[in-house]
>>> print(open('entry-v5.cif').read())   # mmCIF, C-alpha atoms
data_data
#
loop_
_atom_site.label_atom_id
_atom_site.label_comp_id
_atom_site.auth_asym_id
_atom_site.auth_seq_id
_atom_site.Cartn_x
_atom_site.Cartn_y
_atom_site.Cartn_z
CA MET A 1 0.00 0.00 0.00
CA GLN A 2 1.29 3.44 -0.91
CA GLY A 3 0.45 6.54 1.07
CA VAL A 4 1.23 8.72 4.06
CA PHE A 5 -0.18 9.36 7.52
CA ILE A 6 -0.16 13.05 8.46
CA THR A 7 0.01 13.88 12.15
CA GLY A 8 1.12 16.83 14.24
CA THR A 9 2.84 17.84 17.43
CA ASN A 10 -0.47 19.41 18.45
CA THR A 11 -3.79 20.54 17.06
CA ASN A 12 -3.93 23.59 14.79
CA VAL A 13 -0.38 23.23 13.46
CA GLY A 14 -1.40 22.99 9.79
CA LYS A 15 -1.91 19.28 9.15
CA THR A 16 -4.79 19.90 6.76
CA TYR A 17 -2.92 22.71 5.02
CA ILE A 18 0.01 20.38 4.32
CA GLY A 19 -2.35 17.58 3.34
CA VAL A 20 -4.12 19.87 0.86
CA LEU A 21 -0.82 20.96 -0.70
CA LEU A 22 0.26 17.34 -1.02
CA ALA A 23 -3.07 16.15 -2.45
CA ARG A 24 -3.16 19.02 -4.93
CA TYR A 25 0.40 18.36 -6.08
CA LEU A 26 -0.19 14.65 -6.65
CA THR A 27 -3.53 15.21 -8.36
CA ASN A 28 -2.06 17.85 -10.68
CA ASN A 29 0.55 15.26 -11.64
CA ASN A 30 -2.03 12.61 -12.51
CA ILE A 31 -1.58 10.52 -9.37
CA THR A 32 -4.88 9.38 -7.87
CA VAL A 33 -5.24 10.41 -4.23
CA VAL A 34 -7.56 8.63 -1.79
CA PRO A 35 -8.12 11.14 1.05
CA ARG A 36 -9.22 9.99 4.48
CA LYS A 37 -9.91 11.89 7.68
CA PRO A 38 -12.00 9.21 9.37
CA ILE A 39 -13.08 11.31 12.35
CA GLU A 40 -13.44 15.07 12.76
CA SER A 41 -14.83 17.20 15.56
CA GLY A 42 -15.64 20.90 15.49
CA CYS A 43 -17.90 20.45 12.46
CA GLU A 44 -20.34 23.16 11.38
CA ILE A 45 -24.02 22.37 11.09
CA VAL A 46 -25.35 23.24 7.64
CA GLY A 47 -29.01 22.43 7.32
CA ASP A 48 -29.31 19.02 8.92
CA GLU A 49 -25.75 17.92 8.13
CA LEU A 50 -22.43 18.23 9.95
CA ILE A 51 -19.79 19.53 7.56
CA PRO A 52 -16.18 18.50 8.31
CA ALA A 53 -14.14 21.42 6.96
CA ASP A 54 -10.80 19.59 6.98
CA ALA A 55 -12.19 16.56 5.16
CA VAL A 56 -13.92 18.79 2.61
CA ALA A 57 -10.64 20.59 1.89
CA LEU A 58 -8.80 17.29 1.39
CA LYS A 59 -11.56 15.93 -0.84
CA GLN A 60 -11.53 19.03 -3.03
CA ALA A 61 -7.74 19.15 -3.30
CA ALA A 62 -7.67 15.48 -4.32
CA GLU A 63 -10.57 15.95 -6.74
CA TYR A 64 -11.95 12.83 -5.09
CA ARG A 65 -15.07 11.55 -6.80
CA GLY A 66 -16.32 9.46 -3.91
CA ASP A 67 -18.78 10.68 -1.29
CA LEU A 68 -17.72 12.90 1.59
CA SER A 69 -18.97 10.13 3.88
CA GLU A 70 -16.16 7.93 2.54
CA VAL A 71 -13.57 10.54 3.46
CA CYS A 72 -15.01 11.35 6.88
CA PRO A 73 -17.90 9.23 8.14
CA PHE A 74 -17.62 10.21 11.82
CA ARG A 75 -18.38 13.88 12.44
CA PHE A 76 -19.09 15.76 15.64
CA GLU A 77 -20.04 19.34 16.42
CA PRO A 78 -18.16 20.18 19.66
CA PRO A 79 -14.61 21.46 19.00
CA ILE A 80 -13.10 19.00 21.47
CA SER A 81 -11.22 15.70 21.27
CA PRO A 82 -12.97 13.23 18.94
CA VAL A 83 -13.26 10.63 21.69
CA ARG A 84 -14.95 13.07 24.08
CA ALA A 85 -17.21 14.31 21.28
CA ALA A 86 -18.15 10.71 20.43
CA HIS A 87 -19.01 10.04 24.07
CA LEU A 88 -21.33 13.05 24.13
CA ALA A 89 -23.04 11.67 21.01
CA ASN A 90 -23.34 8.21 22.63
CA LYS A 91 -21.02 6.64 20.09
CA VAL A 92 -18.17 4.23 20.75
CA LEU A 93 -15.52 4.20 18.03
CA THR A 94 -12.68 1.70 17.82
CA THR A 95 -9.33 1.79 16.09
CA ASP A 96 -10.39 -1.15 13.91
CA GLN A 97 -13.35 0.86 12.63
CA LEU A 98 -11.09 3.75 11.67
CA VAL A 99 -8.60 1.40 10.01
CA ASN A 100 -11.35 -0.18 7.92
CA ILE A 101 -12.55 3.25 6.79
CA CYS A 102 -9.06 4.24 5.74
CA MET A 103 -8.40 0.98 3.90
CA GLN A 104 -11.61 0.93 1.87
CA GLY A 105 -10.68 1.97 -1.66
CA SER A 106 -7.01 2.46 -0.77
CA GLU A 107 -5.97 0.04 -3.50
CA HIS A 108 -7.10 2.59 -6.09
CA GLY A 109 -4.45 5.22 -5.41
CA PHE A 110 -2.20 7.05 -2.98
CA LEU A 111 -3.77 6.84 0.49
CA LEU A 112 -3.54 10.17 2.32
CA VAL A 113 -4.73 9.88 5.93
CA GLU A 114 -4.94 12.81 8.31
CA GLY A 115 -5.27 12.19 12.01
CA ALA A 116 -6.96 14.47 14.54
CA GLY A 117 -4.90 16.45 17.01
CA GLY A 118 -1.40 15.36 17.92
CA PHE A 119 0.33 12.00 17.57
CA TYR A 120 -0.60 10.94 21.11
CA SER A 121 -4.08 12.50 21.07
CA PRO A 122 -6.97 10.08 21.74
CA LEU A 123 -8.66 9.12 18.50
CA ALA A 124 -10.84 6.13 19.39
CA GLU A 125 -12.09 4.37 22.49
CA ASP A 126 -9.16 1.99 22.42
CA GLY A 127 -6.42 4.00 20.78
CA LEU A 128 -4.51 7.14 19.90
CA ASN A 129 -3.50 8.63 16.56
CA ALA A 130 -0.31 6.64 17.12
CA ASP A 131 -2.29 3.39 17.15
CA LEU A 132 -4.02 4.19 13.87
CA ALA A 133 -0.66 5.01 12.28
CA MET A 134 0.76 1.71 13.51
CA ALA A 135 -2.19 -0.27 12.21
CA LEU A 136 -1.96 1.33 8.77
CA GLN A 137 1.84 1.02 8.61
CA LEU A 138 2.15 4.10 6.43
CA PRO A 139 5.13 6.46 6.48
CA VAL A 140 4.40 9.31 8.88
CA LEU A 141 4.68 13.00 8.04
CA LEU A 142 5.00 15.10 11.20
CA VAL A 143 3.76 18.71 11.07
CA ALA A 144 4.74 21.26 13.70
CA HIS A 145 4.36 24.99 14.26
CA ASP A 146 7.73 26.65 13.62
CA GLU A 147 8.10 28.54 16.89
CA LEU A 148 10.27 28.70 19.98
CA GLY A 149 10.03 25.34 21.75
CA VAL A 150 9.27 23.28 18.66
CA ILE A 151 12.57 21.40 18.81
CA ASN A 152 11.51 19.78 22.08
CA GLN A 153 8.08 18.94 20.66
CA VAL A 154 9.47 17.41 17.47
CA LEU A 155 12.13 15.33 19.23
CA LEU A 156 9.57 13.89 21.65
CA ASN A 157 7.26 12.96 18.79
CA VAL A 158 10.04 11.44 16.71
CA GLU A 159 11.21 9.36 19.67
CA ALA A 160 7.65 8.10 20.18
CA MET A 161 7.39 7.13 16.52
CA LYS A 162 10.70 5.29 16.55
CA MET A 163 9.68 3.38 19.68
CA ARG A 164 6.64 2.16 17.76
CA GLY A 165 8.70 1.15 14.73
CA LEU A 166 7.15 3.68 12.38
CA THR A 167 8.89 5.11 9.33
CA LEU A 168 9.19 8.89 9.45
CA ALA A 169 8.84 10.38 5.98
CA GLY A 170 9.83 13.80 7.24
CA VAL A 171 9.14 16.76 9.50
CA VAL A 172 7.47 19.91 8.19
CA LEU A 173 7.89 23.08 10.23
CA ASN A 174 4.94 25.23 9.28
CA THR A 175 5.18 28.97 9.94
CA LEU A 176 1.68 30.00 11.02
CA GLU A 177 2.39 33.66 11.81
CA ASN A 178 4.61 36.32 10.33
CA ASN A 179 6.51 36.97 13.55
CA LYS A 180 9.31 34.39 13.60
CA HIS A 181 12.55 35.66 15.11
CA ALA A 182 15.05 36.38 12.33
CA GLN A 183 17.88 34.59 14.16
CA MET A 184 15.89 31.43 14.87
CA ASP A 185 16.41 28.46 12.52
CA ASN A 186 14.67 25.43 14.00
CA ALA A 187 14.91 23.47 10.74
CA ALA A 188 18.70 23.75 10.63
CA ASP A 189 18.99 22.78 14.29
CA LEU A 190 16.73 19.75 13.85
CA ARG A 191 18.64 18.55 10.79
CA HIS A 192 21.67 18.14 13.04
CA MET A 193 19.65 16.01 15.46
CA LEU A 194 17.51 13.84 13.21
CA ASP A 195 18.20 11.29 10.50
CA CYS A 196 15.02 12.15 8.58
CA PRO A 197 14.32 15.06 6.21
CA VAL A 198 13.29 18.34 7.86
CA PHE A 199 11.51 21.01 5.85
CA SER A 200 10.45 24.55 6.63
CA LEU A 201 7.54 26.41 5.03
CA ASP A 202 7.56 30.20 5.16
CA TYR A 203 4.53 32.15 6.28
CA SER A 204 2.04 32.59 3.43
CA PRO A 205 -0.98 34.82 4.24
CA ASP A 206 -2.86 33.59 1.16
CA GLN A 207 -1.72 29.99 1.75
CA ASN A 208 -0.48 29.93 -1.83
CA THR A 209 2.71 27.91 -1.65
CA GLU A 210 4.16 24.60 -2.76
CA LEU A 211 5.77 21.77 -0.87
CA PRO A 212 9.52 21.29 -1.42
CA ALA A 213 10.45 18.84 -4.18
CA ASP A 214 12.65 16.93 -1.72
CA LEU A 215 9.60 16.30 0.45
CA MET A 216 7.77 14.75 -2.48
CA GLU A 217 10.80 12.58 -3.15
CA GLY A 218 10.70 11.22 0.38
CA ILE A 219 6.97 10.52 0.49
CA LEU A 220 6.24 9.07 -2.92
CA PRO A 221 6.83 5.39 -3.65
CA GLN A 222 9.43 4.59 -6.29
CA HIS A 223 7.02 3.85 -9.11
CA ALA A 224 5.19 7.15 -8.51
CA ARG A 225 8.49 9.05 -8.57
CA ARG A 226 9.26 7.42 -11.92
CA LYS A 227 5.85 8.47 -13.18
CA LEU A 228 6.47 12.10 -12.19
CA THR A 229 9.88 11.99 -13.85
CA ARG A 230 8.34 10.76 -17.09
CA LEU A 231 5.68 13.47 -16.96
CA ALA A 232 8.28 16.17 -16.34
CA SER A 233 10.40 14.92 -19.26
CA ALA A 234 7.42 14.92 -21.58
CA SER A 235 6.37 18.49 -20.72
#
>>> encode(input="entry-v5.cif", output="structure tokens")
Amino acid sequence: MQGVFITGTNTNVGKTYIGVLLARYLTNNNITVVPRKPIESGCEIVGDELIPADAVALKQAAEYRGDLSEVCPFRFEPPISPVRAAHLANKVLTTDQLVNICMQGSEHGFLLVEGAGGFYSPLAEDGLNADLAMALQLPVLLVAHDELGVINQVLLNVEAMKMRGLTLAGVVLNTLENNKHAQMDNAADLRHMLDCPVFSLDYSPDQNTELPADLMEGILPQHARRKLTRLASAS
């Protein structure tokens, strides 16, 4: 199975933003993307339906033709942890359920799964985001807010992933605000400490940016990289 599991050091660090950039890039290069965000809280009520904004963004970026319910079947209104939101809705979700949702249709393309919250955030009654990542056995892309203190956060997360035997595709430091100290270079510091690729995205108020080519190289399976090379040569 080819794909990637996107997680973060925390909530609101830009996981969906990175996922959208990745899905858009692959789709624009004729690689079919199967987006999955199996559970999302903080959904807006529109009419009689809960709309999962993150899942909608991933679906649109991937130009996914399936139903939104395939991307995100479990939706909750309160902007709290998915497990707590599920409890309030009298639902009990298991890691196996989430795995099955992610796997359905995954044979048809590149499986892009986004977790909810941070790597150790509760995701189901019996598991964390970490447990879903382990069950799927996809390379993990770790997203973090590029700020003071992020080195500690990233190193803790990377250590947790290594303890679980997961493959780390890379770390993306996402600059969420235009106030980063000019002398701070967390990406350079982390590259000296980690044996995985570390990337830094500059602040973009219009969110109009592209992921580094080296990041694509690390995430894509070999046959997909060959496909992109052929497309680039033909253009």
>>> atom_distance(input="entry-v5.cif", atom1="CA of Asp146 (chain A)", atom2="CA of Gly170 (chain A)")
14.5 Å
>>> residues_around(input="entry-v5.cif", residues="region 26-30 of chain A", least_positions_apart="3", cutoff="7 Å", atoms="only C-alpha atoms", output="list in words")
Leu22, Ala23, Val33, Ala62 and Leu228 of chain A
>>> closest_residue(input="entry-v5.cif", among="A:Glu217, A:Asp189, A:Glu70, A:Asp131", to="Val154 (chain A)", atoms="only C-alpha atoms")
A:Asp189
>>> atom_distance(input="entry-v5.cif", atom1="CA of Ala188 (chain A)", atom2="CA of Leu138 (chain A)")
26.0 Å
>>> resolve_selection(input="entry-v5.cif", expression="the PyMOL selection byres ((chain A and resi 11) around 10)", output="list in words")
Thr7, Gly8, Thr9, Asn10, Asn12, Val13, Gly14, Lys15, Ser81, Gly115, Ala116, Gly117, Gly118, Phe119, Ser121, Val143, Ala144 and His145 of chain A
>>> closest_residue(input="entry-v5.cif", among="A:Leu58, A:Ile39, A:Leu112, A:Leu201", to="Leu93 (chain A)", atoms="only C-alpha atoms")
A:Ile39
>>> closest_residue(input="entry-v5.cif", among="A:His192, A:Ala124, A:Lys180, A:Val113", to="Ile151 (chain A)", atoms="all atoms listed in the file")
A:His192
>>> resolve_selection(input="entry-v5.cif", expression="the PyMOL selection byres ((chain A and resi 49) around 12)", output="count of residues only")
16
>>> resolve_selection(input="entry-v5.cif", expression="the PyMOL selection byres ((chain A and resi 57) around 10)", output="ChimeraX atom specification")
/A:16-17,19-20,23,35,52-56,58-63
>>> residues_around(input="entry-v5.cif", residues="Ala135 (chain A)", least_positions_apart="3", cutoff="12 Å", atoms="only C-alpha atoms", output="JSON, numbers by chain")
{"A": [5, 95, 96, 97, 98, 99, 100, 102, 103, 127, 128, 129, 130, 131, 132, 138, 139, 164, 165, 166]}
>>> closest_residue(input="entry-v5.cif", among="A:Asn174, A:Ala160, A:Val92, A:Leu142", to="Asp126 (chain A)", atoms="all atoms listed in the file")
A:Val92
>>> closest_residue(input="entry-v5.cif", among="A:Ile18, A:Val83, A:Leu148, A:Leu136", to="Val171 (chain A)", atoms="only C-alpha atoms")
A:Ile18
>>> closest_residue(input="entry-v5.cif", among="A:Leu156, A:Met161, A:Val198, A:Met184", to="Gln137 (chain A)", atoms="only C-alpha atoms")
A:Met161
>>> atom_distance(input="entry-v5.cif", atom1="CA of Gln153 (chain A)", atom2="CA of Ser200 (chain A)")
15.3 Å
